[in-house]
Structure formats: C-alpha cells, structure tokens
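Following: one structure in structure tokens, then a few remarks.
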Amino acid sequence: NLVHDLHWLIGPKLYEASWQQLQDDGFLARVRCVEVWCEMSKAFFAEYLRSMGGKEGHLRRALWTCNPNKLIACEYLIRFHEQRGDKTIVFSDNIFLLEDFAKRLGRYYISGKVEMRERMQILSNFQNSSTCNTIFLSKVGDNAIDIPNASVIVQISSHYGSRRQEAQRLGRILRPKPKAFDATSKFNAFFYTLVSRDTQEMYYASRRQQFLVEQGYNYHILRDESVSRMDDKSFHYSSEDAQLRLLKQVLESVHRGETVEADEDEVPLYDPTAAPGR
C-alpha cells in the first residue's frame with residue numbers, strides 16, 4: 001500500500017490550520033451555514049408515503065427534492081439576495097428540476113449537456129454583469145470552478161450523504177469577501193441547504209454536515225413557516241394547481257429517467273484540456 005510510504009517520502013505534517021482559524025485571520029470568507037426545514041406539500045408527501053417500503057428510491061428522492069415548499073423557499077432566497085446585490089449559485093443534482101426551475105425564473109443554468117463555450121459565456125456574465133446575479137448548476141459545478149464574487153449558495157439537492165460534495169460546494173464561496181452587507185452582521189457569505197422535513201433527506205443532510213462541523217462550522221436551523229413573507233402568492237409554486245402540475249411532471253420525469261445526471265456527464269465545469277473556442 002503506497003499510502004504508508006507517504007510519511008517517509010514527504011515527511012511529517014508540519015502545520016495544520018482549521019477553516020475557522022483561516023476565516024478569523026481573513027483568508028477565508030465568514031460563512032453563515034443555514035439548514036432550512038421545508039414541510040412537504042400534501043400531494044407530494046402522500047405520494048412519498050405511498051412509495052415507502054418499495055424499491056422506488058429514485059422516486060422518493062425526486063419527491064423530496066422537488067417539494068414545492070422547498071422551491072418556494074429557494075425563490076424567496078434568490079429574490080432576497082438579488083435585492084442585496086449578492087451573487088448566488090443554486091445547486092441541484094436533479095436535472096429535470098434544474099432546467100425547469102431555472103427556465104421558470106428566467107435564469108441561466110449549466111448541466112452536463114451544456115457545451116463548454118456556452119458554459120464559459122454564462123460564467124463570464126455571472127462574474128461581470130450586474131444583470132446576471134443568479135445561476136443554476138448541476139454537480140458539474142462541484143469541481144474546477146473559480147467564481148470569486150459568488151457569496152451565496154442555495155443547495156436544493158445533493159448526492160445523498162456526501163461530505164466531500166458539501167465541502168466542495170461550500171468552497172465555491174470561501175474566497176475572501178468585502179465587509180458584510182449589514183454592518184451589524186459578521187457574515188459576508190451564506191450557505192443554505194434546503195431539506196424536506198419528515199423524509200430521508202434529513203438523515204442524509206445530517207451526514208453531509210459532519211466534516212464541516214468538525215471544522216468548526218455551525219448550522220443554524222430555520223423552519224420555512226417562520227419566514228412570514230414565504231406565503232407570497234407571486235411565487236411560481238405557491239398555488240395548489242401549480243404544485244399538482246409539478247407533481248405530474250416529476251412522476252413523468254422519473255419514469256423517463258431524467259431526474260439524475262448520468263455519470264458520464266460528470267465533467268468539470270471548466271475543461272483545461274479543451275482547445276480554445278471549441
């Protein structure tokens with residue numbers, strides 16, 4: 001096992017700094033981690049319960065991911081941070097939801113099927129344009145991406161209990177930032193994880209957080225009903241009819257196998273080996 005040879009090949013570890021220490025010293029952004037508990041809508045929860053006990057794991061995952069109350073919370077956070085002038089990245093491993101939600105909100109999205117030239121154009125607009133403050137990314141954005149001005153992550157869905165992915169996504173907003181927008185707050189970056197209550201997603205969310213908790217981060221728990229402005233009827237999925245249409249679309253997408261990105265699409269957001277202009 002070559003791992004055992006590392007000690008005498010490169011020597012012992014001389015120094016280690018925790019993420020919190022680097023944050024306190026100004027080398028990393030001061031991030032507020034928030035887990036938003038979203039109640040499942042009645043129709044989605046009923047379908048979720050019907051699928052329990054069977055082998056319909058992809059269906060259950062799609063239901064807790066596409067929970068309309070979670071999407072309402074996401075839309076609220078996007079509006080809130082865009083009004084502040086923040087740059088927001090919304091992550092979703094569910095490709096159907098990624099594309100459908102981004103189109104409904106009129107925002108750019110990047111998934112494995114988006115060509116490299118278009119990806120770079122979207123990232124350029126996000127970094128340099130004041131009219132492009134939110135983009136949607138699939139798991140292709142987990143690696144090889146540098147967006148220094150991104151200060152907000154909203155995580156709709158993820159890869160089960162992957163602690164590595166949690167750390168990678170937090171890393172998208174860890175570049176040092178200017179002072180906080182609000183002078184009374186010490187935080188200048190925000191990491192939101194949206195979780196459907198009373199589902200298996202809560203178990204996976206707790207597992208994902210273990211590494212960051214060990215690094216000194218604390219997750220603030222926020223319930224969706226505690227935010228008074230979440231009942232705004234202008235949100236895309238606030239009506240019962242819209243939620244039922246979404247449920248039908250989710251069931252159809254699961255049947256077609258469109259909910260999860262294929263492994264072969266897990267290419268980096270930026271491919272340094274690609275020829276310019278390709």
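By convention in this document, the chains of the structure tokens carry letters A, B, ... by their order, each chain's residues are numbered from 1, and ligands are numbered from 1 in the order they are shown.
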
- Message: If you run DSSP on the backbone here, which positions in range 129-249 of chain A get alpha helix (DSSP H)? Please write them as a PyMOL selection string.
- Response: chain A and resi 163-171+201-208+210-214+240-249

Using only C-alpha atoms, which residues of range 88-177 of chain A come within 10 Å of range 196-212 of chain A, and what is the closest atom pair for each, with the distance in Å to one decimal? Give it as a Markdown table, sorted by chain and residue number.
| residue | atom | partner | partner_atom | distance |
| --- | --- | --- | --- | --- |
| A:Ile156 | CA | A:Ser196 | CA | 9.7 |
| A:Ser157 | CA | A:Glu201 | CA | 9.1 |
| A:Ser158 | CA | A:Ala205 | CA | 9.0 |
| A:His159 | CA | A:Tyr204 | CA | 8.8 |
| A:Tyr160 | CA | A:Tyr204 | CA | 5.4 |
| A:Gly161 | CA | A:Tyr204 | CA | 4.4 |
| A:Ser162 | CA | A:Arg208 | CA | 5.4 |
| A:Arg163 | CA | A:Arg208 | CA | 4.3 |
| A:Arg164 | CA | A:Arg208 | CA | 7.9 |
| A:Gln165 | CA | A:Arg208 | CA | 8.0 |
| A:Glu166 | CA | A:Arg208 | CA | 6.1 |
| A:Ala167 | CA | A:Leu212 | CA | 6.8 |
| A:Leu170 | CA | A:Leu212 | CA | 9.1 |

Take the selection from the previous step and output its residues with C-alpha atoms, as a short mmCIF file (atom, residue, chain, number, x, y, z; two decimals), in the first residue's frame.
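Resulting contents of out10.cif:
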data_model
loop_
_atom_site.label_atom_id
_atom_site.label_comp_id
_atom_site.auth_asym_id
_atom_site.auth_seq_id
_atom_site.Cartn_x
_atom_site.Cartn_y
_atom_site.Cartn_z
CA ILE A 156 -31.78 22.24 -3.45
CA SER A 157 -30.50 18.70 -3.87
CA SER A 158 -27.25 16.82 -3.46
CA HIS A 159 -25.66 13.39 -3.67
CA TYR A 160 -27.14 11.69 -0.61
CA GLY A 161 -24.78 11.97 2.41
CA SER A 162 -21.61 13.02 0.58
CA ARG A 163 -19.48 15.11 2.96
CA ARG A 164 -16.96 15.72 0.18
CA GLN A 165 -19.59 17.37 -2.00
CA GLU A 166 -20.77 19.51 0.93
CA ALA A 167 -17.23 20.80 1.47
CA LEU A 170 -19.04 25.49 0.44
#

- Could you tell me, as a PyMOL selection string, which residues of range 98-254 of chain A DSSP assigns to strand (DSSP E) when given the backbone? chain A and resi 108-110+134-137+152-155+189-196+219-223

- With a distance cut-off of 10 Å and only C-alpha atoms, select the neighbouring residues of Phe91 in chain A, excluding the residue or stretch itself and same-chain residues fewer than 2 positions from it, and output the selection as a list in words.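 So, after excluding close chain neighbours, the residues are Thr88, Ile89, Asp93, Asn94, Leu98, Tyr109, Ile110, Ile135, Phe136, Leu137, Ser138, Lys139, Val140, Gly141, Asp142, Ile153, Val154, Gln155, Ile156, Ser157, Ser158, Arg169 and Thr193 of chain A.
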
Take the residues from that selection and put them in a file with C-alpha atoms, as a PDB file, in the first residue's frame.
ATOM      1  CA  THR A  88     -25.985  33.418  -5.898  1.00  0.00           C
ATOM      2  CA  ILE A  89     -25.322  29.850  -7.084  1.00  0.00           C
ATOM      3  CA  ASP A  93     -28.317  17.284  -8.839  1.00  0.00           C
ATOM      4  CA  ASN A  94     -31.827  16.727 -10.182  1.00  0.00           C
ATOM      5  CA  LEU A  98     -32.513  22.301 -12.530  1.00  0.00           C
ATOM      6  CA  TYR A 109     -28.276  27.019 -15.886  1.00  0.00           C
ATOM      7  CA  ILE A 110     -25.313  24.727 -16.540  1.00  0.00           C
ATOM      8  CA  ILE A 135     -27.074  30.853 -11.922  1.00  0.00           C
ATOM      9  CA  PHE A 136     -28.165  27.228 -11.526  1.00  0.00           C
ATOM     10  CA  LEU A 137     -25.508  24.494 -11.525  1.00  0.00           C
ATOM     11  CA  SER A 138     -25.678  20.720 -11.538  1.00  0.00           C
ATOM     12  CA  LYS A 139     -22.913  18.651  -9.954  1.00  0.00           C
ATOM     13  CA  VAL A 140     -20.597  19.652 -12.820  1.00  0.00           C
ATOM     14  CA  GLY A 141     -20.039  22.781 -10.737  1.00  0.00           C
ATOM     15  CA  ASP A 142     -18.641  20.825  -7.794  1.00  0.00           C
ATOM     16  CA  ILE A 153     -25.012  29.019  -2.177  1.00  0.00           C
ATOM     17  CA  VAL A 154     -28.545  27.584  -2.184  1.00  0.00           C
ATOM     18  CA  GLN A 155     -28.498  23.788  -2.259  1.00  0.00           C
ATOM     19  CA  ILE A 156     -31.781  22.242  -3.450  1.00  0.00           C
ATOM     20  CA  SER A 157     -30.495  18.705  -3.872  1.00  0.00           C
ATOM     21  CA  SER A 158     -27.253  16.818  -3.461  1.00  0.00           C
ATOM     22  CA  ARG A 169     -19.835  23.416  -2.612  1.00  0.00           C
ATOM     23  CA  THR A 193     -29.251  23.779   2.461  1.00  0.00           C
TER      24      THR A 193
END

- List the neighbours of Phe235 in chain A out to 8 Å using only C-alpha atoms; skip same-chain residues closer than 5 positions along the sequence, and give me the result as a VMD selection string. chain A and resid 72 75 to 76

- Task: For CA of Gln243 in chain A and CA of Ala102 in chain A, quote the distance in Å rounded to one decimal.
- Result: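 So the answer is 16.4 Å.
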
- Message: When you look at His81 in chain A with a cut-off of 10 Å (counting only C-alpha atoms), what residues show up, excluding the ones that are within fewer than 3 positions of it in the same chain? I need them as an MDAnalysis selection string.
- Response: chainID A and resid 76:78 84:88 133:134 151:152 190

Next, write the just-selected residues to a file, as a JSON list (two decimals), in the first residue's frame, keeping N, CA and C atoms as the atom set.
[["chain", "number", "residue", "atom", "x", "y", "z"],
["A", 76, "TYR", "N", -37.61, 32.55, -2.71],
["A", 76, "TYR", "CA", -37.55, 33.65, -1.74],
["A", 76, "TYR", "C", -36.10, 34.08, -1.49],
["A", 77, "LEU", "N", -35.22, 33.10, -1.30],
["A", 77, "LEU", "CA", -33.81, 33.41, -1.03],
["A", 77, "LEU", "C", -33.15, 34.07, -2.24],
["A", 78, "ILE", "N", -33.51, 33.63, -3.44],
["A", 78, "ILE", "CA", -32.96, 34.26, -4.65],
["A", 78, "ILE", "C", -33.37, 35.72, -4.71],
["A", 84, "ARG", "N", -30.10, 42.46, -2.50],
["A", 84, "ARG", "CA", -28.89, 42.93, -1.80],
["A", 84, "ARG", "C", -27.71, 43.11, -2.74],
["A", 85, "GLY", "N", -27.83, 42.58, -3.97],
["A", 85, "GLY", "CA", -26.73, 42.65, -4.91],
["A", 85, "GLY", "C", -25.75, 41.49, -4.80],
["A", 86, "ASP", "N", -26.15, 40.43, -4.07],
["A", 86, "ASP", "CA", -25.28, 39.26, -3.92],
["A", 86, "ASP", "C", -25.28, 38.41, -5.19],
["A", 87, "LYS", "N", -24.21, 37.66, -5.38],
["A", 87, "LYS", "CA", -24.11, 36.68, -6.47],
["A", 87, "LYS", "C", -24.43, 35.31, -5.90],
["A", 88, "THR", "N", -25.45, 34.65, -6.47],
["A", 88, "THR", "CA", -25.98, 33.42, -5.90],
["A", 88, "THR", "C", -25.83, 32.24, -6.86],
["A", 133, "ASN", "N", -27.20, 37.78, -11.67],
["A", 133, "ASN", "CA", -26.78, 37.60, -10.29],
["A", 133, "ASN", "C", -27.07, 36.22, -9.72],
["A", 134, "THR", "N", -27.73, 35.37, -10.51],
["A", 134, "THR", "CA", -28.05, 34.01, -10.05],
["A", 134, "THR", "C", -27.87, 33.04, -11.20],
["A", 151, "SER", "N", -21.16, 34.75, -3.43],
["A", 151, "SER", "CA", -21.21, 34.87, -1.97],
["A", 151, "SER", "C", -22.37, 34.09, -1.35],
["A", 152, "VAL", "N", -23.22, 33.47, -2.19],
["A", 152, "VAL", "CA", -24.38, 32.74, -1.67],
["A", 152, "VAL", "C", -24.51, 31.40, -2.39],
["A", 190, "PHE", "N", -23.11, 33.18, 2.54],
["A", 190, "PHE", "CA", -24.21, 32.38, 3.10],
["A", 190, "PHE", "C", -24.32, 31.06, 2.35]]

- CA of Leu97 in chain A to CA of Ile173 in chain A: how many Å, to one decimal?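 CA of Leu97 in chain A sits 22.9 Å away from CA of Ile173 in chain A.
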
- Please provide the set of residues having any atom within 10 Å of range 26-29 of chain A, restricted to only C-alpha atoms, with same-chain residues fewer than 2 positions apart removed, written as a PyMOL selection string. chain A and resi 19-24+31-32+151+171+173-180+187-190

Suppose we keep N, CA and C atoms; can you now write the selection as a PDB file, in the first residue's frame?
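Writing the result to again-v1.pdb gives the following:
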ATOM      1  N   TRP A  19     -10.333  25.587   9.289  1.00  0.00           N
ATOM      2  CA  TRP A  19     -11.020  26.542   8.421  1.00  0.00           C
ATOM      3  C   TRP A  19     -11.452  27.761   9.220  1.00  0.00           C
ATOM      4  N   GLN A  20     -11.885  27.555  10.452  1.00  0.00           N
ATOM      5  CA  GLN A  20     -12.330  28.678  11.275  1.00  0.00           C
ATOM      6  C   GLN A  20     -11.177  29.633  11.582  1.00  0.00           C
ATOM      7  N   GLN A  21      -9.985  29.066  11.805  1.00  0.00           N
ATOM      8  CA  GLN A  21      -8.833  29.918  12.067  1.00  0.00           C
ATOM      9  C   GLN A  21      -8.491  30.757  10.842  1.00  0.00           C
ATOM     10  N   LEU A  22      -8.521  30.141   9.662  1.00  0.00           N
ATOM     11  CA  LEU A  22      -8.251  30.880   8.428  1.00  0.00           C
ATOM     12  C   LEU A  22      -9.322  31.946   8.192  1.00  0.00           C
ATOM     13  N   GLN A  23     -10.549  31.646   8.585  1.00  0.00           N
ATOM     14  CA  GLN A  23     -11.631  32.625   8.465  1.00  0.00           C
ATOM     15  C   GLN A  23     -11.396  33.806   9.397  1.00  0.00           C
ATOM     16  N   ASP A  24     -11.011  33.520  10.624  1.00  0.00           N
ATOM     17  CA  ASP A  24     -10.761  34.590  11.600  1.00  0.00           C
ATOM     18  C   ASP A  24      -9.583  35.466  11.193  1.00  0.00           C
ATOM     19  N   VAL A  31     -18.655  32.591   6.629  1.00  0.00           N
ATOM     20  CA  VAL A  31     -19.852  31.963   6.063  1.00  0.00           C
ATOM     21  C   VAL A  31     -20.862  31.625   7.158  1.00  0.00           C
ATOM     22  N   ARG A  32     -22.105  31.974   6.885  1.00  0.00           N
ATOM     23  CA  ARG A  32     -23.229  31.574   7.741  1.00  0.00           C
ATOM     24  C   ARG A  32     -23.884  30.360   7.104  1.00  0.00           C
ATOM     25  N   SER A 151     -21.161  34.752  -3.426  1.00  0.00           N
ATOM     26  CA  SER A 151     -21.214  34.874  -1.966  1.00  0.00           C
ATOM     27  C   SER A 151     -22.372  34.092  -1.350  1.00  0.00           C
ATOM     28  N   GLY A 171     -16.855  25.482  -0.624  1.00  0.00           N
ATOM     29  CA  GLY A 171     -15.634  26.098  -1.132  1.00  0.00           C
ATOM     30  C   GLY A 171     -15.858  27.080  -2.259  1.00  0.00           C
ATOM     31  N   ILE A 173     -17.724  29.569  -2.222  1.00  0.00           N
ATOM     32  CA  ILE A 173     -17.928  30.930  -1.706  1.00  0.00           C
ATOM     33  C   ILE A 173     -16.929  31.286  -0.602  1.00  0.00           C
ATOM     34  N   LEU A 174     -15.838  30.538  -0.492  1.00  0.00           N
ATOM     35  CA  LEU A 174     -14.887  30.774   0.591  1.00  0.00           C
ATOM     36  C   LEU A 174     -13.818  31.814   0.262  1.00  0.00           C
ATOM     37  N   ARG A 175     -13.761  32.260  -0.985  1.00  0.00           N
ATOM     38  CA  ARG A 175     -12.781  33.308  -1.299  1.00  0.00           C
ATOM     39  C   ARG A 175     -13.052  34.530  -0.425  1.00  0.00           C
ATOM     40  N   PRO A 176     -11.997  35.232   0.047  1.00  0.00           N
ATOM     41  CA  PRO A 176     -12.201  36.401   0.916  1.00  0.00           C
ATOM     42  C   PRO A 176     -13.149  37.412   0.290  1.00  0.00           C
ATOM     43  N   LYS A 177     -14.013  37.975   1.107  1.00  0.00           N
ATOM     44  CA  LYS A 177     -15.034  38.917   0.647  1.00  0.00           C
ATOM     45  C   LYS A 177     -14.870  40.274   1.334  1.00  0.00           C
ATOM     46  N   PRO A 178     -15.502  41.308   0.764  1.00  0.00           N
ATOM     47  CA  PRO A 178     -15.542  42.598   1.465  1.00  0.00           C
ATOM     48  C   PRO A 178     -16.327  42.470   2.759  1.00  0.00           C
ATOM     49  N   LYS A 179     -16.441  43.557   3.467  1.00  0.00           N
ATOM     50  CA  LYS A 179     -17.178  43.531   4.725  1.00  0.00           C
ATOM     51  C   LYS A 179     -18.641  43.158   4.485  1.00  0.00           C
ATOM     52  N   ALA A 180     -19.303  42.725   5.537  1.00  0.00           N
ATOM     53  CA  ALA A 180     -20.683  42.277   5.443  1.00  0.00           C
ATOM     54  C   ALA A 180     -21.589  43.386   4.941  1.00  0.00           C
ATOM     55  N   PHE A 187     -21.120  38.113   9.096  1.00  0.00           N
ATOM     56  CA  PHE A 187     -21.054  37.182   7.974  1.00  0.00           C
ATOM     57  C   PHE A 187     -21.089  37.933   6.634  1.00  0.00           C
ATOM     58  N   ASN A 188     -20.278  37.470   5.679  1.00  0.00           N
ATOM     59  CA  ASN A 188     -20.290  38.068   4.344  1.00  0.00           C
ATOM     60  C   ASN A 188     -20.498  37.020   3.249  1.00  0.00           C
ATOM     61  N   ALA A 189     -20.913  35.815   3.640  1.00  0.00           N
ATOM     62  CA  ALA A 189     -21.262  34.755   2.696  1.00  0.00           C
ATOM     63  C   ALA A 189     -22.277  33.829   3.369  1.00  0.00           C
ATOM     64  N   PHE A 190     -23.114  33.185   2.542  1.00  0.00           N
ATOM     65  CA  PHE A 190     -24.211  32.384   3.101  1.00  0.00           C
ATOM     66  C   PHE A 190     -24.322  31.059   2.353  1.00  0.00           C
TER      67      PHE A 190
END

- Message: What does the structure give for the distance between CA of Ser253 in chain A and CA of Asp100 in chain A, in Å to one decimal?
- Response: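 That distance, rounded to one decimal, is 11.1 Å.
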
Could you name the residues that touch range 55-57 of chain A at 12 Å or less, counting only C-alpha atoms, but leaving out those on the same chain fewer than 4 positions away, as a JSON list (two decimals) with C-alpha atoms, in the first residue's frame?
[["chain", "number", "residue", "atom", "x", "y", "z"],
["A", 47, "GLU", "CA", -47.02, 10.22, -2.95],
["A", 48, "TYR", "CA", -43.86, 9.88, -0.85],
["A", 49, "LEU", "CA", -45.66, 7.73, 1.73],
["A", 50, "ARG", "CA", -47.13, 5.53, -0.99],
["A", 51, "SER", "CA", -43.64, 4.83, -2.31],
["A", 61, "ARG", "CA", -35.56, 11.24, -3.86],
["A", 62, "ALA", "CA", -37.26, 13.18, -6.68],
["A", 63, "LEU", "CA", -40.25, 13.90, -4.43],
["A", 64, "TRP", "CA", -38.25, 15.32, -1.53],
["A", 160, "TYR", "CA", -27.14, 11.69, -0.61],
["A", 200, "GLN", "CA", -35.00, 10.50, 4.49],
["A", 201, "GLU", "CA", -33.32, 13.65, 3.21],
["A", 251, "LEU", "CA", -43.60, 11.47, -11.88],
["A", 254, "VAL", "CA", -38.80, 9.79, -13.05],
["A", 255, "HIS", "CA", -40.46, 7.37, -15.47],
["A", 259, "THR", "CA", -34.11, 13.21, -12.69],
["A", 260, "VAL", "CA", -30.45, 12.37, -12.03]]
